[in-house]
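Q: Structure provided below as structure tokens; questions to follow.
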Amino acid sequence: MGLGTVVAQTIVNGLMVGMIYVLMAIGFTLVFGIMRIVNFAHGEFYMIGAFVFAIVFDSLGVPVAVSILAAVIVVGLSGVVVERAIFRPFTGDELNGMIASLGLALILQNGALLVLGPSPRSVPAIVDGTVSMAGLVFSLSRMTVIGVGAVAILALYLLVVHTQFGRAMRAVAQDPEIALVQGIRPERVYPIAFALGVALAALAGALMAPVLSVSPFIGLTPTLKAFIVVVIGGLGSIPGAVLGGLLLGLIESAAGTFLSAVVADIAQFVIVIAVVLLRPWGLLGKKEREA
Amino acid sequence: MRRSALLLALAAAVIALIPVVAPNLFYVHLAIVTCLNVMFVLGLAVIARVGQLSMGHAGFGLLGGYVSALLAMNLGLPVPLGLLAATLAAAATAALLGWIILRLRGVYFVLVAFSFGQIVVLLALGMEDITQGANGLVNVPAPAVFGYLLNTKTAFYPLAVAAAALVGTGVWLLFRSPFGDAMAAIAENPRLTESSGVDTHVYQVVAFSIGSGIAGFAGALSTHYFQFISPDSFTFWDSVSYLTMLVVGGRVGVWGPILGAVVLTPLPELLRSTQGLQHVLYGAVLILVLLFLRDGLVGLPARLRGLRRTSAPHPILEHSPERPS
Amino acid sequence: MKRHCLAAAIAVLASGGARSETLLLGVNATLSGGGAIWGEGMLGAARAMADRVNEGGGVKIGDKTYTIDLKVYDDRYRPQDAVTAMDRLINDDGVKVVVGPMGSASTVATQARSTEAKVITLTMGFTPKAIGSALPYAFRPTITTTEFTGPQLAWVGAKLSPKRVRALLPNDETGQSVGASQKEAYKAIGVDLQLDFFDRERVDFVPVLTRILSQSDVLEIGGNSPTTAGLIIKQARELGYKGPILVTGGDVTAELVKVSGKQAAEGTYVHLPLDSGYAETAGYIRDFEAKYRKPVNGHNAFSFAGLQMLLEAMKRAGSVSDTTRIAAELEKVSAFPTIVGKAGWTGRERYGIDHQIDVPFYIGQIRDGVAVKVATCSYKSCE
């Protein structure tokens, strides 16, 4: 392989991994921004999304698009239930909401272990093979992840910026009381926002299932990545999550390619500390947070 | 006061009798592990006192464990000195880290502390020349006190109890001191406390340092008891279980953390034969306690008597987070 | 006189017939957390042995008949929990023989306790420290990389004659020890081996593959879980890598192919601890999967073989509790028919004690999703 291919691969791969991080981070930052809950169980919804996709697509033989939709819907609906049953009493209570999410993470991960067993499942590729462009080889399945992720992010952007519900969400994120005064009922917004957040995680899980593999233990790493991305990009900022996610993906990919995987893992922590030191509000976060 | 003195005496008697009445040595082992967990949870309680939660707590245990083990193995340093060094190393690291991240809102602290816990594990794995990588350090020396090598469970037990009692007393005194009052005030309302002339940042950094120092100490003691440490010895899931013990026991004062560790260390043994069920129940208990028993187990008697909030409301329980307004 | 005889007869009946003694068998393995898939295999073996013995009316050791009772504890993939589990097995349950510990760290962390209590362990820890002359009660009924790397590489070296080999290993105990033994073995056949480590939880290998594939004639994947190996193969093939791939460590084929897909796995050389063409092995796998509805992996089959040898040693020693005698007899078991072939013990040269299982193993090549045996190996060489 020539250097050109190596660089191109690095970029494509970085974008793909980054896209997954973006989806994870947007969901995470959405839930935090609106409900003030640091959701340690976020990655477990990724895991469940991957499992639902694997079962529906692989075992039941349902078409790809429908299977992805199934994962998103199942997890989204369970998000509505989880928000009502577990998180509602902790809305706005950062500390206890976070602790509850840890309990939820334990339940979901080990519940999956009990029900589905420890054996990892492999899911056949959505699309097979590679595509050659200008002498460079790209894996089609990875290109698909990038494409679908981009569409999802665009759709979310339109939802948040141009719809009534999007305005309601932004109002609640800014101040639930003022939103209430404006006639927006936060308790209507919370379940949908939470469902939307975890559904994005499920989408990431479903997209990654065929590229990687599925087991009950795959949730923690994406959670960690979501944390890192939101710290880099700025907590509560969706553009920040997009920038931070793609950046982290590219950095990881490049460090993994040209240095070593372990260096790549350590590098991201260094970046986090650096951002916190130099620009604590994140790359695209709002500087002013106390007011 | 008389009643609590009586309770204390009773507890002391039970603790002293464990090695005598225990059906076998396994129970002594469990008692030792309980003492170790008591210290970890107390450390977490100190940090919680200023309204913060450290999800990297186990990382400081790992750091302390490696420091003490390596000093004992490579330099032949006596274990007590190693324990001291481990405590200081963890506390100093926490001070540095805390100085950077405690300026930020609580959630950033959570995220970065969590990341810190992960990076300690990665470093322990990666710095193979020093840490033996994933192999871990084998044959870490057992501590010796006045020339006696505490390399059996019955011999180690008094040391573990003494260490836990020492940490417990220290934390109790800290919470009763003016410094402790200020800590609680910060958790309750940082801005108000700040405006009354208290440098909240310094207090938070000091609390984080003390709590993490205790974790370093407990991690080191644990390493000398098990005579082994590896990167898997203290991970994120350990931080989760310390937190569970704290929440289930109760975040108020020193008795909540102690009770949490005493109840939740032996309890999972009942389910050790199951695949994952123990963790599911752990998680469920955590959520149920949060929903229905926020004061934790120590708050239970007051609950049962129907006397809600006999004491002043605890800052963390009542703490409503600041919101940008 | 008559009454006396009757009493004696009743006593004999009572002891021999109705009342059977219990042989406690401990299992100390990972049942939750990352390593659960292997722990499940070990537990499966213990359960299969217990069921086989109990359904057959017990096993006769000395002049008593025993049924097997299991004590199963999860180490949660943490060395301290393995110690707690071992402590409980030894002190609370009074267990004398243990299937496990599973991981290398768990094995090393528990061995002081099990040795002191004279408890026989059938460990699956791959570390060279798992068995040794100071550990008279620790046996390892599985073939580790230390054993198979040398002979396999010699064979592969002769067949493929590579110049540059790149190995991808997890940054954990297994990976690190595999790396060390391979470095030696490759040097012996004059090949330049470069090692690349990655975090055990990693699932994306494209960056590191992108870097190393251009520099290697042979890609080697060692010490990984089957899933990880499968992922690496899949991703390497997706990157357009066409060269040979070598997978060492564990019994990987079934899981690997599940993850990588048949096409990507085609032609991959694998270490084959089990020969599914061997009637006994095939029979065990078939029966187990029919009865328990779970796949058989290497940890399962080898734990079962270890238990077969252990029961034989107990019979020879005429005791289920005198572990010193049982260990002495176990060491003498040789050419004993187990489900993985005729087995004995070796290892004195390397470990100072003959506690390393001695069975043939194989090199396989994956063809159409199935590993086909292409060479049979002993610890000396492959043919």
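Residue names in the structure tokens use chain letters A, B, ... in the order shown, residue numbers from 1 in each chain, and ligand numbers from 1 in the order shown.
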Can you tell me, as number ranges by chain, which residues in stretch 205-361 of chain C count as helix (DSSP H, G or I) by DSSP?

A: C: 206-213, 226-238, 253-260, 262-265, 279-292, 298-317, 323-332, 348-351

Q: So which residues touch A:Val131 within 10 Å, counting only C-alpha atoms, skipping near sequence neighbours fewer than 6 positions away, as a list in words?

A: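 Close residues of A:Val131: Val137, Phe138, Ser139, Leu140, Ser141 and Met143 of chain A; Glu238 of chain C.
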
Q: Mind writing the picked residues with C-alpha atoms as a CSV table (one decimal), in the first residue's frame?

A:
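Dumped everything to again-v5.csv:
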```
chain,number,residue,atom,x,y,z
A,137,VAL,CA,-9.4,1.2,-1.7
A,138,PHE,CA,-12.3,1.9,0.6
A,139,SER,CA,-14.5,-0.5,2.5
A,140,LEU,CA,-18.1,0.0,1.4
A,141,SER,CA,-19.6,-0.8,4.8
A,143,MET,CA,-18.6,4.5,3.7
C,238,GLU,CA,-11.7,-5.2,3.9
```

Q: I need the chain A residues near chain B as a count of residues only; criterion: at most 8 Å, counting only C-alpha atoms.

A: 38

Q: Should the cut-off be 7 Å, what would the residue list for chain B against chain C look like, counting only C-alpha atoms, as a list in words?

A: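 Listed by rising number, the hits are Asn24, Leu25, Phe26, Leu125, Ala134, Asn135, Gly136, Phe228, Asp232, Ser233, Arg272, Ser273, Gln275 and Gly276 of chain B.
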
Q: Based on the selection just made, write N, CA and C atoms of those residues as a PDB file, in the first residue's frame.

A:
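Listing of selection.pdb after writing:
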```pdb
ATOM      1  N   ASN B  24     -15.153 -20.170  59.839  1.00  0.00           N
ATOM      2  CA  ASN B  24     -13.893 -20.505  59.196  1.00  0.00           C
ATOM      3  C   ASN B  24     -13.231 -19.233  58.675  1.00  0.00           C
ATOM      4  N   LEU B  25     -12.040 -19.428  58.115  1.00  0.00           N
ATOM      5  CA  LEU B  25     -11.224 -18.271  57.748  1.00  0.00           C
ATOM      6  C   LEU B  25     -11.814 -17.428  56.625  1.00  0.00           C
ATOM      7  N   PHE B  26     -12.701 -18.013  55.859  1.00  0.00           N
ATOM      8  CA  PHE B  26     -13.289 -17.241  54.773  1.00  0.00           C
ATOM      9  C   PHE B  26     -13.983 -15.993  55.318  1.00  0.00           C
ATOM     10  N   LEU B 125      -0.973  -0.806  32.320  1.00  0.00           N
ATOM     11  CA  LEU B 125      -0.790  -1.814  31.276  1.00  0.00           C
ATOM     12  C   LEU B 125       0.408  -1.490  30.402  1.00  0.00           C
ATOM     13  N   ALA B 134       0.317  -6.328  32.137  1.00  0.00           N
ATOM     14  CA  ALA B 134      -0.893  -7.026  32.561  1.00  0.00           C
ATOM     15  C   ALA B 134      -0.598  -8.180  33.512  1.00  0.00           C
ATOM     16  N   ASN B 135       0.643  -8.646  33.525  1.00  0.00           N
ATOM     17  CA  ASN B 135       0.996  -9.732  34.445  1.00  0.00           C
ATOM     18  C   ASN B 135       0.702  -9.356  35.882  1.00  0.00           C
ATOM     19  N   GLY B 136       0.871  -8.078  36.162  1.00  0.00           N
ATOM     20  CA  GLY B 136       0.701  -7.627  37.531  1.00  0.00           C
ATOM     21  C   GLY B 136       1.931  -7.954  38.356  1.00  0.00           C
ATOM     22  N   PHE B 228      -0.699  -8.929  45.713  1.00  0.00           N
ATOM     23  CA  PHE B 228      -0.786  -8.965  44.263  1.00  0.00           C
ATOM     24  C   PHE B 228      -1.500  -7.714  43.783  1.00  0.00           C
ATOM     25  N   ASP B 232      -6.171  -4.886  36.399  1.00  0.00           N
ATOM     26  CA  ASP B 232      -7.571  -5.232  36.588  1.00  0.00           C
ATOM     27  C   ASP B 232      -8.018  -5.133  38.043  1.00  0.00           C
ATOM     28  N   SER B 233      -7.065  -4.858  38.939  1.00  0.00           N
ATOM     29  CA  SER B 233      -7.413  -4.890  40.358  1.00  0.00           C
ATOM     30  C   SER B 233      -8.400  -3.793  40.741  1.00  0.00           C
ATOM     31  N   ARG B 272     -22.901 -15.185  44.298  1.00  0.00           N
ATOM     32  CA  ARG B 272     -21.658 -15.310  43.534  1.00  0.00           C
ATOM     33  C   ARG B 272     -21.727 -16.395  42.477  1.00  0.00           C
ATOM     34  N   SER B 273     -22.633 -17.341  42.657  1.00  0.00           N
ATOM     35  CA  SER B 273     -22.708 -18.438  41.689  1.00  0.00           C
ATOM     36  C   SER B 273     -23.469 -18.062  40.426  1.00  0.00           C
ATOM     37  N   GLN B 275     -24.688 -15.860  36.991  1.00  0.00           N
ATOM     38  CA  GLN B 275     -24.086 -15.127  35.884  1.00  0.00           C
ATOM     39  C   GLN B 275     -24.681 -13.738  35.806  1.00  0.00           C
ATOM     40  N   GLY B 276     -24.053 -12.785  36.437  1.00  0.00           N
ATOM     41  CA  GLY B 276     -24.500 -11.407  36.236  1.00  0.00           C
ATOM     42  C   GLY B 276     -25.701 -10.968  37.064  1.00  0.00           C
TER      43      GLY B 276
END
```

Q: Got a sec: who's within 9 Å of A:Val12, counting only C-alpha atoms, leaving out chain neighbours fewer than 2 positions off, as a PyMOL selection string?

A: chain A and resi 7-10+14-17+138-139+142-143+146+250

Q: Report as a PyMOL selection string: the residues of stretch 73-111 of chain C with a DSSP assignment of strand (DSSP E or B), based on the backbone of this structure.

A: chain C and resi 73-74+97-100

Q: I need the chain C residues near chain A as an NGL selection string; criterion: at most 8 Å, counting only C-alpha atoms.

A: :C and (32-34 or 36-37 or 196-199 or 201 or 203-204 or 206-211 or 213-214 or 227 or 231 or 238-240 or 255 or 258-261)

Q: Since we have the selection now, will you write its residues out, keeping C-alpha atoms, as a PDB file, in the first residue's frame?

A:
```pdb
ATOM      1  CA  SER C  32     -19.710 -12.000  34.243  1.00  0.00           C
ATOM      2  CA  GLY C  33     -17.623  -9.325  32.571  1.00  0.00           C
ATOM      3  CA  GLY C  34     -15.324  -9.516  29.576  1.00  0.00           C
ATOM      4  CA  ALA C  36     -17.431 -14.665  30.574  1.00  0.00           C
ATOM      5  CA  ILE C  37     -17.351 -16.676  27.369  1.00  0.00           C
ATOM      6  CA  ASP C 196       1.888  -4.317  17.848  1.00  0.00           C
ATOM      7  CA  PHE C 197      -0.191  -4.130  20.984  1.00  0.00           C
ATOM      8  CA  PHE C 198      -3.669  -2.711  21.359  1.00  0.00           C
ATOM      9  CA  ASP C 199      -6.078  -2.205  24.201  1.00  0.00           C
ATOM     10  CA  GLU C 201     -11.416  -3.617  24.579  1.00  0.00           C
ATOM     11  CA  VAL C 203     -12.794  -3.280  18.289  1.00  0.00           C
ATOM     12  CA  ASP C 204     -11.490  -1.056  15.534  1.00  0.00           C
ATOM     13  CA  VAL C 206      -8.184  -0.358  10.760  1.00  0.00           C
ATOM     14  CA  PRO C 207      -5.671   2.297  11.851  1.00  0.00           C
ATOM     15  CA  VAL C 208      -3.067  -0.160  13.017  1.00  0.00           C
ATOM     16  CA  LEU C 209      -3.745  -2.519  10.109  1.00  0.00           C
ATOM     17  CA  THR C 210      -3.374   0.323   7.656  1.00  0.00           C
ATOM     18  CA  ARG C 211       0.062   0.950   9.045  1.00  0.00           C
ATOM     19  CA  LEU C 213      -0.161  -4.470   6.370  1.00  0.00           C
ATOM     20  CA  SER C 214       2.081  -2.761   3.884  1.00  0.00           C
ATOM     21  CA  THR C 227     -14.095 -12.357  18.245  1.00  0.00           C
ATOM     22  CA  LEU C 231     -12.645  -8.653  13.613  1.00  0.00           C
ATOM     23  CA  GLU C 238     -11.680  -5.173   3.853  1.00  0.00           C
ATOM     24  CA  LEU C 239      -8.498  -3.171   3.527  1.00  0.00           C
ATOM     25  CA  GLY C 240      -7.581  -5.381   0.626  1.00  0.00           C
ATOM     26  CA  GLU C 255     -16.401 -17.878  16.737  1.00  0.00           C
ATOM     27  CA  LYS C 258     -18.971 -16.058  12.828  1.00  0.00           C
ATOM     28  CA  VAL C 259     -17.394 -12.653  13.219  1.00  0.00           C
ATOM     29  CA  SER C 260     -15.252 -12.409  10.113  1.00  0.00           C
ATOM     30  CA  GLY C 261     -17.554 -14.198   7.712  1.00  0.00           C
TER      31      GLY C 261
END
```

Q: Can you pull out the residues contacting B:Cys35? Cut-off 12 Å, using only C-alpha atoms, and skip same-chain residues under 6 positions away; I want them as a PyMOL selection string.

A: chain B and resi 15+28-29+41-42+156-168+218-219+221-222+225+257-266

Q: Can you tell me how far atom CA of C:Asp217 sits from atom CA of C:Gln194, in Å to one decimal?

A: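 A separation of 11.7 Å between them.
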
Q: Excluding B:Thr200 and residues on its chain fewer than 6 positions from it, collect all residues at most 9 Å away from it, counting only C-alpha atoms, and give them as number ranges by chain.

A: B: 50, 182-183, 186, 190-191, 193-194

Q: Quick check, in Å to one decimal: how far apart do atom CA of C:Phe361 and atom CA of C:Phe148 lie?

A: 8.0 Å

Q: Excluding A:Tyr46 and its own-chain neighbours fewer than 6 positions away, which residues fall within 7 Å of it when counting only C-alpha atoms? Please give them as a ChimeraX atom specification.

A: /A:201-202,204-205,219

Q: Selection from above, N, CA and C atoms, as a tab-separated table (two decimals), in the first residue's frame, can you write it?

A:
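For reference, out31.tsv as written:
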```
chain	number	residue	atom	x	y	z
A	201	ALA	N	-28.05	6.78	20.03
A	201	ALA	CA	-27.09	5.77	20.46
A	201	ALA	C	-27.41	4.43	19.80
A	202	ALA	N	-28.70	4.10	19.73
A	202	ALA	CA	-29.11	2.85	19.11
A	202	ALA	C	-28.76	2.84	17.63
A	204	ALA	N	-26.25	4.40	16.30
A	204	ALA	CA	-24.81	4.14	16.25
A	204	ALA	C	-24.54	2.66	16.43
A	205	GLY	N	-25.22	2.04	17.40
A	205	GLY	CA	-25.04	0.62	17.66
A	205	GLY	C	-25.42	-0.23	16.46
A	219	GLY	N	-20.74	-1.65	25.53
A	219	GLY	CA	-21.29	-0.32	25.80
A	219	GLY	C	-20.35	0.69	26.45
```

Q: Skipping near chain neighbours, those fewer than 2 positions away, what residues fall within 9 Å of C:Lys315 using only C-alpha atoms, listed as a list in words?

A: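 Residues meeting the cut-off are Val59, Lys60, Ile61, Gly62, Leu310, Leu311, Glu312, Ala313, Ala317, Gly318, Ser319, Val320 and Ile326 of chain C.
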
Q: For those residues, write N, CA and C atoms to a file as a PDB file, in the first residue's frame.

A:
```pdb
ATOM      1  N   VAL C  59     -19.286 -42.258  40.859  1.00  0.00           N
ATOM      2  CA  VAL C  59     -17.974 -42.783  40.495  1.00  0.00           C
ATOM      3  C   VAL C  59     -17.401 -43.484  41.718  1.00  0.00           C
ATOM      4  N   LYS C  60     -16.823 -44.673  41.490  1.00  0.00           N
ATOM      5  CA  LYS C  60     -16.301 -45.459  42.614  1.00  0.00           C
ATOM      6  C   LYS C  60     -14.846 -45.090  42.857  1.00  0.00           C
ATOM      7  N   ILE C  61     -14.580 -44.557  44.020  1.00  0.00           N
ATOM      8  CA  ILE C  61     -13.215 -44.200  44.388  1.00  0.00           C
ATOM      9  C   ILE C  61     -12.944 -44.848  45.741  1.00  0.00           C
ATOM     10  N   GLY C  62     -11.860 -45.628  45.825  1.00  0.00           N
ATOM     11  CA  GLY C  62     -11.636 -46.409  47.035  1.00  0.00           C
ATOM     12  C   GLY C  62     -12.791 -47.391  47.157  1.00  0.00           C
ATOM     13  N   LEU C 310      -8.177 -36.231  36.323  1.00  0.00           N
ATOM     14  CA  LEU C 310      -8.228 -36.058  37.776  1.00  0.00           C
ATOM     15  C   LEU C 310      -9.010 -37.193  38.434  1.00  0.00           C
ATOM     16  N   LEU C 311     -10.138 -37.546  37.851  1.00  0.00           N
ATOM     17  CA  LEU C 311     -10.934 -38.636  38.432  1.00  0.00           C
ATOM     18  C   LEU C 311     -10.146 -39.948  38.396  1.00  0.00           C
ATOM     19  N   GLU C 312      -9.429 -40.147  37.294  1.00  0.00           N
ATOM     20  CA  GLU C 312      -8.596 -41.342  37.188  1.00  0.00           C
ATOM     21  C   GLU C 312      -7.564 -41.360  38.316  1.00  0.00           C
ATOM     22  N   ALA C 313      -6.954 -40.204  38.565  1.00  0.00           N
ATOM     23  CA  ALA C 313      -5.942 -40.124  39.622  1.00  0.00           C
ATOM     24  C   ALA C 313      -6.575 -40.378  40.990  1.00  0.00           C
ATOM     25  N   ALA C 317      -5.537 -43.233  43.514  1.00  0.00           N
ATOM     26  CA  ALA C 317      -5.109 -42.887  44.869  1.00  0.00           C
ATOM     27  C   ALA C 317      -6.084 -43.451  45.903  1.00  0.00           C
ATOM     28  N   GLY C 318      -7.268 -43.817  45.447  1.00  0.00           N
ATOM     29  CA  GLY C 318      -8.275 -44.345  46.363  1.00  0.00           C
ATOM     30  C   GLY C 318      -8.772 -43.297  47.339  1.00  0.00           C
ATOM     31  N   SER C 319      -8.702 -42.039  46.943  1.00  0.00           N
ATOM     32  CA  SER C 319      -9.103 -40.978  47.867  1.00  0.00           C
ATOM     33  C   SER C 319      -9.614 -39.773  47.085  1.00  0.00           C
ATOM     34  N   VAL C 320     -10.520 -39.055  47.689  1.00  0.00           N
ATOM     35  CA  VAL C 320     -10.953 -37.799  47.065  1.00  0.00           C
ATOM     36  C   VAL C 320     -10.430 -36.597  47.832  1.00  0.00           C
ATOM     37  N   ILE C 326      -3.224 -37.710  45.510  1.00  0.00           N
ATOM     38  CA  ILE C 326      -3.911 -37.543  44.219  1.00  0.00           C
ATOM     39  C   ILE C 326      -2.993 -36.822  43.224  1.00  0.00           C
TER      40      ILE C 326
END
```

Q: B:Leu77, B:Ala302, B:His224, B:Arg251: which is nearest B:Leu149, counting only C-alpha atoms?

A: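 Looking only at the distances to B:Leu149, the closest residue turns out to be B:His224.
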
Q: Counting only C-alpha atoms, which residue out of A:Ile55, A:Val80, A:Val145, A:Val242 sits closest to A:Pro191?

A: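 Among the listed residues, the smallest separation from A:Pro191 belongs to A:Val80.
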
Q: Any idea what the distance is between atom CA of C:Phe336 and atom CA of C:Gly26?

A: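 Between atom CA of C:Phe336 and atom CA of C:Gly26 the gap is 23.2 Å.
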
Q: Wanna dump the stretch 33-52 of chain A-stretch 71-76 of chain A contacts at 8 Å for me, each residue with its shortest atom pair and the distance in Å to one decimal, counting only C-alpha atoms, ordered by chain and number, as CSV?

A:
```
residue,atom,partner,partner_atom,distance
A:Phe45,CA,A:Val75,CA,6.8
A:Ile48,CA,A:Val75,CA,7.2
A:Gly49,CA,A:Ala71,CA,5.0
A:Ala50,CA,A:Ala71,CA,7.3
A:Val52,CA,A:Ala71,CA,5.2
```
